[in-house]
Amino acid sequence: MRPRSYLYHSTGRALSLFAFGKIDSVTNIFRPLSQPAQEIKETSFLVLVICTVIFLVVGGLLVYAIVRFRHRPGDEATEPPQVYGSNQIETAWTVLPVLIVFVLILVTSRTIADIQNRKPAAGSVNATVVGHQWWWEIRYPELGIVTANELHVPAGNEGNHRPTFLKLQSADVAHSFWVPQLAGKTDLIPNRENLMWIAPTEPGTYLGNCAEYCGMQHARMLLRVVVHTPQDFERWLKEQQQPAIEDANAAEGRKIFFANSCVSCHAIRGTSAKGVFGPDLTHLMSRQTLASGAALNSHDSLRAWIRDPQQLKVGCLMPNMQMSDKEADQIVAYLQSLR
Ligand code: CUA
């Protein structure tokens with residue numbers, strides 16, 4: 001995995017780094033590392049080149065006309081020669097733009113058709129992404145995995161593209177899934193299922209975000225896609241498929257978690273916690289961030305989150321549970337045992 005430097009900074013400053021810190025290589029549409037982002041870039045560049053040439057020709061003629069035929073002293077009395085109609089010129093400026101527009105239509109529709117008609121093949125991964133205010137639920141129905149805010153996919157290679165197909169849904173309002181280096185944007189619309197796919201070839205962590213205004217914390221609805229080598233992906237699958245570990249050292253915190261209303265919103269596989277309104281916590285500690293990228297997943301931010309989620313992400317749907325310091329420490333100990 002290619003480390004992104006800001007992720008690995010000392011955790012003490014992690015919160016402020018996440019909010020304001022310098023982030024290298026963020027969401028660069030000019031450096032696509034996956035289909036269909038590559039194909040989209042090529043099409044956009046072709047359109048850009050054609051439009052630039054048109055701009056230069058039209059702009060050049062305009063500047064030429066302004067300079068060459070500008071008003072000169074002594075011009076007042078005479079009118080320039082008047083030209084009424086020229087079949088050749090009129091034909092040229094009708095046919096040429098029509099041809100250019102036709103080429104653009106063909107190229108664009110080919111790219112769109114290419115992207116939309118891709119069908120899952122053997123070896124491809126299927127995942128469902130559900131947009132929530134303000135986090136991403138990620139399910140792998142065939143693999144029995146539920147996680148949040150981090151989509152894990154295998155990398156393909158030249159001979160073997162191994163695409164991941166995504167079903168996009170929304171639990172509340174419209175959101176939009178956008179990881180610029182991997183693919184274009186696709187919206188997540190309530191009561192509707194949209195489809196998209198990615199086929200990255202380079203392992204690494206790719207950043208994305210919600211690209212459709214969805215309420216107060218739209219800006220902190222961040223997303224990361226972790227692209228693994230095939231072996232790493234298999235390992236990740238195996239780990240995620242395990243039910244939650246029961247750690248005797250975290251028994252107190254576990255008791256508090258199950259005695260409170262935590263369980264009505266969160267699920268932990270292998271326990272009686274089956275809530276569906278918040279993120280699945282079965283393997284919480286395997287995730288890099290909390291609150292959909294609002295904070296690094298560290299002991300300190302976990303504790304700050306439990307003490308008062310509204311402090312860390314104002315407006316989020318998790319209420320302040322009014323835990324005492326001691327209870328918060330115990331809950332954090334329990335959550336940190338969910339590896
Ligand atoms: Cu979800 Cu913006």
# chains A, B, ... in the order shown; residues from 1 in each chain; ligands from 1
$ closest_atom_pairs --of "chain A" --to "ligand 1" --cutoff "8 Å" --atoms "only C-alpha atoms and all ligand atoms" --output "JSON lines"
{"residue": "A:Gly131", "atom": "CA", "partner": "ligand 1", "partner_atom_place_in_ligand_line": "1 (Cu)", "distance": 6.4}
{"residue": "A:His132", "atom": "CA", "partner": "ligand 1", "partner_atom_place_in_ligand_line": "1 (Cu)", "distance": 6.7}
{"residue": "A:Gln133", "atom": "CA", "partner": "ligand 1", "partner_atom_place_in_ligand_line": "1 (Cu)", "distance": 6.1}
{"residue": "A:Trp134", "atom": "CA", "partner": "ligand 1", "partner_atom_place_in_ligand_line": "1 (Cu)", "distance": 5.8}
{"residue": "A:Trp135", "atom": "CA", "partner": "ligand 1", "partner_atom_place_in_ligand_line": "1 (Cu)", "distance": 7.2}
{"residue": "A:Val173", "atom": "CA", "partner": "ligand 1", "partner_atom_place_in_ligand_line": "1 (Cu)", "distance": 7.7}
{"residue": "A:Ala174", "atom": "CA", "partner": "ligand 1", "partner_atom_place_in_ligand_line": "1 (Cu)", "distance": 6.8}
{"residue": "A:His175", "atom": "CA", "partner": "ligand 1", "partner_atom_place_in_ligand_line": "1 (Cu)", "distance": 4.1}
{"residue": "A:Ser176", "atom": "CA", "partner": "ligand 1", "partner_atom_place_in_ligand_line": "1 (Cu)", "distance": 6.4}
{"residue": "A:Asn209", "atom": "CA", "partner": "ligand 1", "partner_atom_place_in_ligand_line": "2 (Cu)", "distance": 7.7}
{"residue": "A:Cys210", "atom": "CA", "partner": "ligand 1", "partner_atom_place_in_ligand_line": "2 (Cu)", "distance": 4.4}
{"residue": "A:Ala211", "atom": "CA", "partner": "ligand 1", "partner_atom_place_in_ligand_line": "2 (Cu)", "distance": 5.5}
{"residue": "A:Glu212", "atom": "CA", "partner": "ligand 1", "partner_atom_place_in_ligand_line": "2 (Cu)", "distance": 4.4}
{"residue": "A:Tyr213", "atom": "CA", "partner": "ligand 1", "partner_atom_place_in_ligand_line": "2 (Cu)", "distance": 4.2}
{"residue": "A:Cys214", "atom": "CA", "partner": "ligand 1", "partner_atom_place_in_ligand_line": "2 (Cu)", "distance": 4.0}
{"residue": "A:Gly215", "atom": "CA", "partner": "ligand 1", "partner_atom_place_in_ligand_line": "2 (Cu)", "distance": 6.7}
{"residue": "A:Gln217", "atom": "CA", "partner": "ligand 1", "partner_atom_place_in_ligand_line": "2 (Cu)", "distance": 7.4}
{"residue": "A:His218", "atom": "CA", "partner": "ligand 1", "partner_atom_place_in_ligand_line": "2 (Cu)", "distance": 3.9}
{"residue": "A:Ala219", "atom": "CA", "partner": "ligand 1", "partner_atom_place_in_ligand_line": "2 (Cu)", "distance": 6.6}
{"residue": "A:Met221", "atom": "CA", "partner": "ligand 1", "partner_atom_place_in_ligand_line": "1 (Cu)", "distance": 5.8}
$ write_last_selection --atoms "N, CA, C and O atoms" --output "PDB file, in the first residue's frame"
ATOM      1  N   GLY A 131     -25.451   5.550   0.828  1.00  0.00           N
ATOM      2  CA  GLY A 131     -25.138   6.866   1.377  1.00  0.00           C
ATOM      3  C   GLY A 131     -26.047   7.178   2.550  1.00  0.00           C
ATOM      4  O   GLY A 131     -27.257   6.936   2.493  1.00  0.00           O
ATOM      5  N   HIS A 132     -25.469   7.656   3.635  1.00  0.00           N
ATOM      6  CA  HIS A 132     -26.233   8.087   4.809  1.00  0.00           C
ATOM      7  C   HIS A 132     -25.777   9.501   5.146  1.00  0.00           C
ATOM      8  O   HIS A 132     -24.663   9.896   4.832  1.00  0.00           O
ATOM      9  N   GLN A 133     -26.596  10.238   5.873  1.00  0.00           N
ATOM     10  CA  GLN A 133     -26.118  11.503   6.433  1.00  0.00           C
ATOM     11  C   GLN A 133     -25.319  11.139   7.667  1.00  0.00           C
ATOM     12  O   GLN A 133     -25.914  10.669   8.647  1.00  0.00           O
ATOM     13  N   TRP A 134     -23.995  11.258   7.781  1.00  0.00           N
ATOM     14  CA  TRP A 134     -23.063  11.614   6.749  1.00  0.00           C
ATOM     15  C   TRP A 134     -21.963  10.587   6.795  1.00  0.00           C
ATOM     16  O   TRP A 134     -20.902  10.824   7.330  1.00  0.00           O
ATOM     17  N   TRP A 135     -22.250   9.448   6.242  1.00  0.00           N
ATOM     18  CA  TRP A 135     -21.255   8.375   6.180  1.00  0.00           C
ATOM     19  C   TRP A 135     -21.667   7.379   5.109  1.00  0.00           C
ATOM     20  O   TRP A 135     -22.765   7.456   4.562  1.00  0.00           O
ATOM     21  N   VAL A 173     -31.062  11.225   1.708  1.00  0.00           N
ATOM     22  CA  VAL A 173     -31.127  12.229   0.642  1.00  0.00           C
ATOM     23  C   VAL A 173     -30.152  11.849  -0.472  1.00  0.00           C
ATOM     24  O   VAL A 173     -29.503  10.810  -0.393  1.00  0.00           O
ATOM     25  N   ALA A 174     -30.041  12.674  -1.489  1.00  0.00           N
ATOM     26  CA  ALA A 174     -29.120  12.373  -2.581  1.00  0.00           C
ATOM     27  C   ALA A 174     -27.675  12.640  -2.154  1.00  0.00           C
ATOM     28  O   ALA A 174     -27.371  13.655  -1.532  1.00  0.00           O
ATOM     29  N   HIS A 175     -26.805  11.696  -2.441  1.00  0.00           N
ATOM     30  CA  HIS A 175     -25.363  11.854  -2.235  1.00  0.00           C
ATOM     31  C   HIS A 175     -24.695  11.559  -3.581  1.00  0.00           C
ATOM     32  O   HIS A 175     -25.363  11.161  -4.528  1.00  0.00           O
ATOM     33  N   SER A 176     -23.377  11.693  -3.636  1.00  0.00           N
ATOM     34  CA  SER A 176     -22.697  11.341  -4.876  1.00  0.00           C
ATOM     35  C   SER A 176     -21.328  10.731  -4.567  1.00  0.00           C
ATOM     36  O   SER A 176     -20.564  11.270  -3.781  1.00  0.00           O
ATOM     37  N   ASN A 209     -14.847  11.848  -1.978  1.00  0.00           N
ATOM     38  CA  ASN A 209     -15.799  12.492  -1.088  1.00  0.00           C
ATOM     39  C   ASN A 209     -17.183  12.501  -1.714  1.00  0.00           C
ATOM     40  O   ASN A 209     -17.348  12.197  -2.881  1.00  0.00           O
ATOM     41  N   CYS A 210     -18.138  12.854  -0.872  1.00  0.00           N
ATOM     42  CA  CYS A 210     -19.498  12.999  -1.357  1.00  0.00           C
ATOM     43  C   CYS A 210     -19.514  14.251  -2.217  1.00  0.00           C
ATOM     44  O   CYS A 210     -19.003  15.290  -1.826  1.00  0.00           O
ATOM     45  N   ALA A 211     -20.090  14.143  -3.416  1.00  0.00           N
ATOM     46  CA  ALA A 211     -20.013  15.260  -4.353  1.00  0.00           C
ATOM     47  C   ALA A 211     -21.389  15.856  -4.632  1.00  0.00           C
ATOM     48  O   ALA A 211     -21.615  16.469  -5.659  1.00  0.00           O
ATOM     49  N   GLU A 212     -22.318  15.640  -3.719  1.00  0.00           N
ATOM     50  CA  GLU A 212     -23.653  16.215  -3.890  1.00  0.00           C
ATOM     51  C   GLU A 212     -24.054  16.751  -2.534  1.00  0.00           C
ATOM     52  O   GLU A 212     -24.057  16.004  -1.544  1.00  0.00           O
ATOM     53  N   TYR A 213     -24.365  18.045  -2.469  1.00  0.00           N
ATOM     54  CA  TYR A 213     -24.652  18.639  -1.161  1.00  0.00           C
ATOM     55  C   TYR A 213     -25.787  17.883  -0.474  1.00  0.00           C
ATOM     56  O   TYR A 213     -26.863  17.715  -1.031  1.00  0.00           O
ATOM     57  N   CYS A 214     -25.514  17.405   0.748  1.00  0.00           N
ATOM     58  CA  CYS A 214     -26.475  16.517   1.408  1.00  0.00           C
ATOM     59  C   CYS A 214     -26.747  16.953   2.836  1.00  0.00           C
ATOM     60  O   CYS A 214     -27.215  16.175   3.647  1.00  0.00           O
ATOM     61  N   GLY A 215     -26.441  18.183   3.179  1.00  0.00           N
ATOM     62  CA  GLY A 215     -26.753  18.668   4.519  1.00  0.00           C
ATOM     63  C   GLY A 215     -25.514  19.126   5.249  1.00  0.00           C
ATOM     64  O   GLY A 215     -24.420  19.215   4.679  1.00  0.00           O
ATOM     65  N   GLN A 217     -23.116  18.189   7.283  1.00  0.00           N
ATOM     66  CA  GLN A 217     -21.772  17.612   7.274  1.00  0.00           C
ATOM     67  C   GLN A 217     -21.390  17.000   5.926  1.00  0.00           C
ATOM     68  O   GLN A 217     -20.576  16.076   5.859  1.00  0.00           O
ATOM     69  N   HIS A 218     -21.956  17.544   4.877  1.00  0.00           N
ATOM     70  CA  HIS A 218     -21.599  17.087   3.522  1.00  0.00           C
ATOM     71  C   HIS A 218     -20.082  17.116   3.311  1.00  0.00           C
ATOM     72  O   HIS A 218     -19.504  16.205   2.729  1.00  0.00           O
ATOM     73  N   ALA A 219     -19.441  18.164   3.833  1.00  0.00           N
ATOM     74  CA  ALA A 219     -17.998  18.304   3.617  1.00  0.00           C
ATOM     75  C   ALA A 219     -17.207  17.234   4.349  1.00  0.00           C
ATOM     76  O   ALA A 219     -16.065  16.954   4.000  1.00  0.00           O
ATOM     77  N   MET A 221     -18.032  14.019   4.584  1.00  0.00           N
ATOM     78  CA  MET A 221     -18.536  12.707   4.193  1.00  0.00           C
ATOM     79  C   MET A 221     -17.477  12.161   3.255  1.00  0.00           C
ATOM     80  O   MET A 221     -17.660  12.057   2.059  1.00  0.00           O
TER      81      MET A 221
END
$ residues_around --residues "stretch 297-306 of chain A" --least-positions-apart "3" --cutoff "9 Å" --atoms "only C-alpha atoms" --output "VMD selection string"
chain A and resid 11 to 12 14 to 15 284 to 285 287 to 291 293 309 to 313 320 to 323 328 to 329 331 to 333 335 to 336
$ atom_distance --atom1 "atom CA of A:Val98" --atom2 "atom CA of A:Asp114"
24.1 Å
$ atom_distance --atom1 "atom CA of A:Lys167" --atom2 "atom CA of A:Lys185"
13.2 Å
$ residues_around --residues "A:Ile100" --least-positions-apart "4" --cutoff "12 Å" --atoms "only C-alpha atoms" --output "PDB file with C-alpha atoms, in the first residue's frame"
ATOM      1  CA  LEU A  46      -9.774  15.174 -26.960  1.00  0.00           C
ATOM      2  CA  VAL A  47     -12.728  17.521 -26.391  1.00  0.00           C
ATOM      3  CA  VAL A  49      -7.932  19.923 -27.692  1.00  0.00           C
ATOM      4  CA  ILE A  50     -10.667  20.382 -30.323  1.00  0.00           C
ATOM      5  CA  CYS A  51     -12.228  23.233 -28.339  1.00  0.00           C
ATOM      6  CA  VAL A  53      -8.130  24.831 -31.562  1.00  0.00           C
ATOM      7  CA  ILE A  54     -11.563  26.363 -32.258  1.00  0.00           C
ATOM      8  CA  TRP A  93     -19.051  27.609 -41.696  1.00  0.00           C
ATOM      9  CA  THR A  94     -22.111  25.387 -41.567  1.00  0.00           C
ATOM     10  CA  VAL A  95     -20.578  22.080 -42.602  1.00  0.00           C
ATOM     11  CA  LEU A  96     -17.368  22.320 -40.585  1.00  0.00           C
ATOM     12  CA  LEU A 104     -17.599  14.961 -30.432  1.00  0.00           C
ATOM     13  CA  ILE A 105     -20.973  13.210 -30.156  1.00  0.00           C
ATOM     14  CA  LEU A 106     -19.550   9.953 -31.497  1.00  0.00           C
ATOM     15  CA  VAL A 107     -16.495   9.946 -29.234  1.00  0.00           C
TER      16      VAL A 107
END
$ closest_residue --among "A:Pro97, A:Met196, A:Glu137, A:Asp172" --to "A:Ala37" --atoms "only C-alpha atoms"
A:Met196
$ atom_distance --atom1 "atom CA of A:Ser337" --atom2 "atom CA of A:Asp247"
6.3 Å
